[in-house]
$ cat my_file-v4.pdb   # PDB, C-alpha atoms, pLDDT in the B column
ATOM      1  CA  MET U   1       7.570 -15.589   4.179  1.00 61.00           C
ATOM      2  CA  GLY U   2       6.180 -15.465   0.663  1.00 71.00           C
ATOM      3  CA  TYR U   3       2.606 -15.977   1.792  1.00 84.00           C
ATOM      4  CA  PHE U   4       2.944 -13.229   4.377  1.00 85.00           C
ATOM      5  CA  ALA U   5       4.047 -10.766   1.674  1.00 81.00           C
ATOM      6  CA  ILE U   6       1.084 -11.725  -0.499  1.00 83.00           C
ATOM      7  CA  ILE U   7      -1.317 -11.188   2.391  1.00 88.00           C
ATOM      8  CA  VAL U   8       0.254  -7.789   3.123  1.00 87.00           C
ATOM      9  CA  ILE U   9      -0.081  -6.744  -0.534  1.00 89.00           C
ATOM     10  CA  VAL U  10      -3.716  -7.844  -0.668  1.00 90.00           C
ATOM     11  CA  VAL U  11      -4.649  -6.053   2.560  1.00 93.00           C
ATOM     12  CA  CYS U  12      -2.833  -2.881   1.510  1.00 92.00           C
ATOM     13  CA  GLY U  13      -4.404  -3.133  -1.938  1.00 92.00           C
ATOM     14  CA  PHE U  14      -7.859  -3.088  -0.417  1.00 94.00           C
ATOM     15  CA  LEU U  15      -7.114  -0.371   2.129  1.00 93.00           C
ATOM     16  CA  PHE U  16      -5.243   2.030  -0.168  1.00 93.00           C
ATOM     17  CA  PRO U  17      -8.220   3.102  -2.332  1.00 93.00           C
ATOM     18  CA  LYS U  18     -10.421   3.423   0.746  1.00 93.00           C
ATOM     19  CA  MET U  19      -7.964   5.763   2.466  1.00 92.00           C
ATOM     20  CA  LEU U  20      -7.348   7.749  -0.719  1.00 92.00           C
ATOM     21  CA  ILE U  21     -11.071   8.272  -1.303  1.00 93.00           C
ATOM     22  CA  ALA U  22     -11.553   9.193   2.365  1.00 91.00           C
ATOM     23  CA  ALA U  23      -8.788  11.787   2.059  1.00 89.00           C
ATOM     24  CA  LEU U  24     -10.292  13.282  -1.082  1.00 90.00           C
ATOM     25  CA  LYS U  25     -13.866  13.345   0.208  1.00 91.00           C
ATOM     26  CA  SER U  26     -13.039  14.573   3.706  1.00 87.00           C
ATOM     27  CA  SER U  27     -14.447  18.008   4.367  1.00 87.00           C
ATOM     28  CA  ASP U  28     -12.711  18.236   7.731  1.00 85.00           C
ATOM     29  CA  LYS U  29      -9.296  19.884   7.322  1.00 85.00           C
ATOM     30  CA  GLN U  30      -7.868  17.968  10.291  1.00 87.00           C
ATOM     31  CA  GLU U  31      -8.950  14.519   9.069  1.00 86.00           C
ATOM     32  CA  SER U  32      -7.754  14.842   5.470  1.00 89.00           C
ATOM     33  CA  PRO U  33      -3.975  14.872   6.210  1.00 91.00           C
ATOM     34  CA  LYS U  34      -4.364  11.788   8.395  1.00 91.00           C
ATOM     35  CA  TYR U  35      -5.999   9.828   5.557  1.00 91.00           C
ATOM     36  CA  GLN U  36      -3.436  11.172   3.076  1.00 92.00           C
ATOM     37  CA  LEU U  37      -0.629   9.885   5.281  1.00 93.00           C
ATOM     38  CA  TYR U  38      -2.273   6.459   5.577  1.00 92.00           C
ATOM     39  CA  ALA U  39      -2.716   6.294   1.800  1.00 93.00           C
ATOM     40  CA  GLN U  40       0.926   7.267   1.209  1.00 94.00           C
ATOM     41  CA  ILE U  41       2.203   4.644   3.653  1.00 94.00           C
ATOM     42  CA  LEU U  42       0.015   1.951   2.099  1.00 94.00           C
ATOM     43  CA  LEU U  43       1.183   2.868  -1.399  1.00 94.00           C
ATOM     44  CA  ALA U  44       4.813   2.762  -0.239  1.00 94.00           C
ATOM     45  CA  ILE U  45       4.297  -0.721   1.225  1.00 93.00           C
ATOM     46  CA  ILE U  46       2.664  -1.925  -2.000  1.00 92.00           C
ATOM     47  CA  MET U  47       5.447  -0.493  -4.169  1.00 93.00           C
ATOM     48  CA  LEU U  48       8.164  -1.930  -1.907  1.00 92.00           C
ATOM     49  CA  ASN U  49       6.633  -5.388  -2.112  1.00 89.00           C
ATOM     50  CA  ILE U  50       6.263  -5.159  -5.886  1.00 90.00           C
ATOM     51  CA  GLY U  51       9.901  -4.096  -6.153  1.00 91.00           C
ATOM     52  CA  LEU U  52      11.031  -6.978  -3.944  1.00 88.00           C
ATOM     53  CA  PHE U  53       8.949  -9.401  -5.987  1.00 87.00           C
ATOM     54  CA  LEU U  54      10.420  -8.161  -9.274  1.00 88.00           C
ATOM     55  CA  ASN U  55      13.940  -8.268  -7.852  1.00 90.00           C
ATOM     56  CA  THR U  56      13.429 -11.866  -6.737  1.00 88.00           C
ATOM     57  CA  LEU U  57      11.938 -12.766 -10.105  1.00 88.00           C
ATOM     58  CA  LEU U  58      14.895 -11.289 -11.970  1.00 89.00           C
ATOM     59  CA  GLU U  59      17.391 -13.007  -9.674  1.00 90.00           C
ATOM     60  CA  ASN U  60      15.740 -16.376 -10.329  1.00 89.00           C
ATOM     61  CA  LEU U  61      15.890 -15.887 -14.101  1.00 88.00           C
ATOM     62  CA  LYS U  62      19.700 -15.611 -14.082  1.00 78.00           C
TER
END
$ encode --input "my_file-v4.pdb" --output "structure tokens"
Amino acid sequence: MGYFAIIVIVVCGFLFPKMLIAALKSSDKQESPKYQLYAQILLAIIMLNIGLFLNTLLENLK
């Protein structure tokens, strides 16, 4: 399970900046919210995985 989480973080880490830049550069008003939503979801996944990693790290230090 640990390797799967690392792969998810890496993939989301590469996709997040791409979606954020696409949302900022998009001149089409209908495309921009779609890319913003993708960027927000990717950031949420990254932050959740970082939080789970830190929680596991702190639990193992006890």
$ resolve_selection --input "my_file-v4.pdb" --expression "the PyMOL selection byres ((chain U and resi 43-52) around 9)" --output "list in words"
Ala5, Ile6, Val8, Ile9, Val10, Cys12, Gly13, Phe16, Tyr38, Ala39, Gln40, Ile41, Leu42, Phe53, Leu54, Asn55, Thr56 and Leu57 of chain U
$ residues_around --input "my_file-v4.pdb" --residues "range 17-27 of chain U" --least-positions-apart "2" --cutoff "7 Å" --atoms "only C-alpha atoms" --output "MDAnalysis selection string"
chainID U and resid 14:15 29 31:32 35:36 38:39
$ write_last_selection --input "my_file-v4.pdb" --atoms "C-alpha atoms" --output "PDB file, keeping the file's coordinate frame"
ATOM      1  CA  PHE U  14      -7.859  -3.088  -0.417  1.00 94.00           C
ATOM      2  CA  LEU U  15      -7.114  -0.371   2.129  1.00 93.00           C
ATOM      3  CA  LYS U  29      -9.296  19.884   7.322  1.00 85.00           C
ATOM      4  CA  GLU U  31      -8.950  14.519   9.069  1.00 86.00           C
ATOM      5  CA  SER U  32      -7.754  14.842   5.470  1.00 89.00           C
ATOM      6  CA  TYR U  35      -5.999   9.828   5.557  1.00 91.00           C
ATOM      7  CA  GLN U  36      -3.436  11.172   3.076  1.00 92.00           C
ATOM      8  CA  TYR U  38      -2.273   6.459   5.577  1.00 92.00           C
ATOM      9  CA  ALA U  39      -2.716   6.294   1.800  1.00 93.00           C
TER      10      ALA U  39
END
$ axis_aligned_box --input "my_file-v4.pdb" --around "range 38-57 of chain U" --padding-each-side "6 Å" --output "lines of an AutoDock Vina configuration file"
center_x = 5.6
center_y = -2.7
center_z = -2.3
size_x = 28.7
size_y = 32.0
size_z = 27.7
